[in-house]
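One structure below.
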Amino acid sequence: MPNAQPTSDTLPVVNGQLILVVEDEPEIAEVLEAYLRREGYRTERAGDGGRGLDLFHAARPDLMLLDIMLPGMDGLEVLRRVRTSSQTPVIMLTARAEDIDKLLGLELGADDYVVKPFSPREVVARVKAVLRRSQHDEPRNLFRLGALELDTKQFLVAISGKRLDLTPTEFRLLECLIRDPGRAFTRAELIEVALPDSDALERVVDAHLKNLRRKLDVAGVGEMLETVRGIGYRLWVTS
Ligand code: CA
């Protein structure tokens, strides 16, 4: 193996963070992946918008590089859909100035953008900066998913702005689920978060979640709380 004795100057930064590259031009995607890997990032790639969206939900990347002009669903639509359930950093790749106007005008929630042709070195620098920024963000207290809003500071849940009364246990369950939308939580995980210091049985969690779902149902968003067969529960929004 070459470089078996790396000096401190040549040691790669092995941080293992996953970057999803959604880009239909293979040469550009390849060079971006090569530069990112050299910096210690892991990468995944998708060549169109639909596949990019699927991979985003499946692979749960730490950051997404998202081209705007893509076959099928374009990058702006991918970003819009991602933002209904996730605050994961997204850097847009664009070849046109009009796209930047659109990005800024629509407030779609991109964290940064890079204009083509770009140097891969510049893109990597942006990736690092955005990740650094997102890691240093204040702990969040406000979570939004579809029509659902949860504020941990005010201990408040609202559906389309209308307040929903929950018990403390229901609130903690919902908070756990909304912090990681789309992820299926096991009953054991939910007990640990929502009913700590108790010997609660799994059916106790089921009972609390049943009550929670009933309240969400009354507010018209009961389908957001999904039972995942053989696993547990997840909170999701179908777009
Ligand atoms: Ca393209």
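Here, A, B, ... name the chains of the structure tokens in the order displayed, residue numbers run from 1 inside each chain, and ligands are numbered from 1 in the same displayed order.
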What residues have any atom no more than 8 Å from ligand 1 when counting only C-alpha atoms and all ligand atoms, and can you list them as a list of chain:residue names?
->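 Checking only C-alpha atoms and all ligand atoms against ligand 1 at 8 Å gives A:Glu23, A:Asp24, A:Glu25, A:Asp67, A:Ile68, A:Met69, A:Leu70, A:Pro71, A:Thr94.
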Can you list, as a list in words, every protein, DNA or RNA residue that comes within 12 Å of Arg203 of chain A when you count only C-alpha atoms, leaving out same-chain residues fewer than 6 positions away?
->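 My reading of the contact set: Arg187, Ala188, Leu190, Ile191, Leu209, Lys210 and Gly232 of chain A.
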Go ahead and write the selection's residues with N, CA and C atoms as a CSV table (one decimal), in the first residue's frame.
```
chain,number,residue,atom,x,y,z
A,187,ARG,N,-40.5,0.3,19.0
A,187,ARG,CA,-41.2,0.6,20.3
A,187,ARG,C,-40.2,0.8,21.4
A,188,ALA,N,-39.1,0.0,21.4
A,188,ALA,CA,-38.1,0.1,22.5
A,188,ALA,C,-37.4,1.5,22.5
A,190,LEU,N,-38.8,4.2,21.3
A,190,LEU,CA,-39.8,5.2,21.7
A,190,LEU,C,-40.0,5.2,23.3
A,191,ILE,N,-39.9,4.0,23.9
A,191,ILE,CA,-40.1,3.9,25.3
A,191,ILE,C,-38.9,4.6,26.0
A,209,LEU,N,-49.6,5.9,21.5
A,209,LEU,CA,-49.5,6.3,20.0
A,209,LEU,C,-50.9,6.2,19.4
A,210,LYS,N,-51.7,5.3,19.9
A,210,LYS,CA,-53.1,5.2,19.4
A,210,LYS,C,-53.9,6.4,19.8
A,232,GLY,N,-42.2,-0.6,14.0
A,232,GLY,CA,-42.7,0.3,15.0
A,232,GLY,C,-43.5,1.4,14.3
```
Would you please extract all strand (DSSP E or B) residues from segment 38-233 of chain A, as assigned by DSSP on the backbone, and give them as a PyMOL selection string?
-> chain A and resi 42-46+63-67+90-94+112-115+142-145+148-151+156-159+162-164+185-186+225-228+232-233
Writer output for current selection, C-alpha atoms, as a PDB file, in the first residue's frame:
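For reference, out06.pdb as written:
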```
ATOM      1  CA  ARG A  42     -18.440   9.121   1.552  1.00  0.00           C
ATOM      2  CA  THR A  43     -20.515   9.689  -1.576  1.00  0.00           C
ATOM      3  CA  GLU A  44     -23.616   8.388  -3.307  1.00  0.00           C
ATOM      4  CA  ARG A  45     -24.750   9.419  -6.755  1.00  0.00           C
ATOM      5  CA  ALA A  46     -28.022   9.734  -8.616  1.00  0.00           C
ATOM      6  CA  LEU A  63     -25.517  17.037   2.625  1.00  0.00           C
ATOM      7  CA  MET A  64     -26.843  16.949  -0.928  1.00  0.00           C
ATOM      8  CA  LEU A  65     -25.267  18.511  -4.020  1.00  0.00           C
ATOM      9  CA  LEU A  66     -28.213  19.016  -6.334  1.00  0.00           C
ATOM     10  CA  ASP A  67     -28.067  19.981 -10.002  1.00  0.00           C
ATOM     11  CA  VAL A  90     -28.487  21.299   0.160  1.00  0.00           C
ATOM     12  CA  ILE A  91     -26.099  23.046  -2.232  1.00  0.00           C
ATOM     13  CA  MET A  92     -27.533  23.684  -5.697  1.00  0.00           C
ATOM     14  CA  LEU A  93     -25.479  23.330  -8.866  1.00  0.00           C
ATOM     15  CA  THR A  94     -26.613  25.545 -11.681  1.00  0.00           C
ATOM     16  CA  ASP A 112     -25.846  27.639  -0.986  1.00  0.00           C
ATOM     17  CA  TYR A 113     -25.382  27.412  -4.742  1.00  0.00           C
ATOM     18  CA  VAL A 114     -22.469  27.067  -7.136  1.00  0.00           C
ATOM     19  CA  VAL A 115     -22.538  28.233 -10.750  1.00  0.00           C
ATOM     20  CA  LEU A 142     -39.071  24.399  16.296  1.00  0.00           C
ATOM     21  CA  PHE A 143     -39.910  21.468  14.048  1.00  0.00           C
ATOM     22  CA  ARG A 144     -42.199  21.491  11.028  1.00  0.00           C
ATOM     23  CA  LEU A 145     -43.495  18.611   8.992  1.00  0.00           C
ATOM     24  CA  LEU A 148     -47.631  19.905  11.753  1.00  0.00           C
ATOM     25  CA  GLU A 149     -45.587  22.220  13.956  1.00  0.00           C
ATOM     26  CA  LEU A 150     -43.927  21.342  17.248  1.00  0.00           C
ATOM     27  CA  ASP A 151     -42.194  23.820  19.551  1.00  0.00           C
ATOM     28  CA  LEU A 156     -46.724  23.507  21.824  1.00  0.00           C
ATOM     29  CA  VAL A 157     -48.104  21.461  18.939  1.00  0.00           C
ATOM     30  CA  ALA A 158     -50.183  22.980  16.153  1.00  0.00           C
ATOM     31  CA  ILE A 159     -51.806  21.674  12.990  1.00  0.00           C
ATOM     32  CA  LYS A 162     -54.429  25.390  15.290  1.00  0.00           C
ATOM     33  CA  ARG A 163     -53.276  24.222  18.679  1.00  0.00           C
ATOM     34  CA  LEU A 164     -53.430  20.526  19.533  1.00  0.00           C
ATOM     35  CA  PHE A 185     -38.582   3.951  15.340  1.00  0.00           C
ATOM     36  CA  THR A 186     -38.887   0.709  17.272  1.00  0.00           C
ATOM     37  CA  LEU A 225     -48.362   8.652  11.869  1.00  0.00           C
ATOM     38  CA  GLU A 226     -47.625   5.363  10.179  1.00  0.00           C
ATOM     39  CA  THR A 227     -47.343   1.943  11.718  1.00  0.00           C
ATOM     40  CA  VAL A 228     -44.360   0.209  10.155  1.00  0.00           C
ATOM     41  CA  GLY A 232     -42.701   0.319  14.993  1.00  0.00           C
ATOM     42  CA  TYR A 233     -43.756   3.791  13.960  1.00  0.00           C
TER      43      TYR A 233
END
```
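Here the question is which of A:Leu76, A:Val205, A:Ala184, A:Val21 gets nearest to Asp99 of chain A using only C-alpha atoms, and that residue is A:Leu76.
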Select, from A:Leu173, A:His208, A:Ala219, A:Tyr35, the residue with the minimum atom-to-atom distance to Val123 of chain A, counting only C-alpha atoms.
-> A:Tyr35
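Here the alpha helix (DSSP H) residues in segment 55-95 of chain A, by DSSP on the backbone, are Leu55, Phe56, His57, Ala58, Ala59, Gly75, Leu76, Glu77, Val78, Leu79, Arg80, Arg81 and Val82 of chain A.
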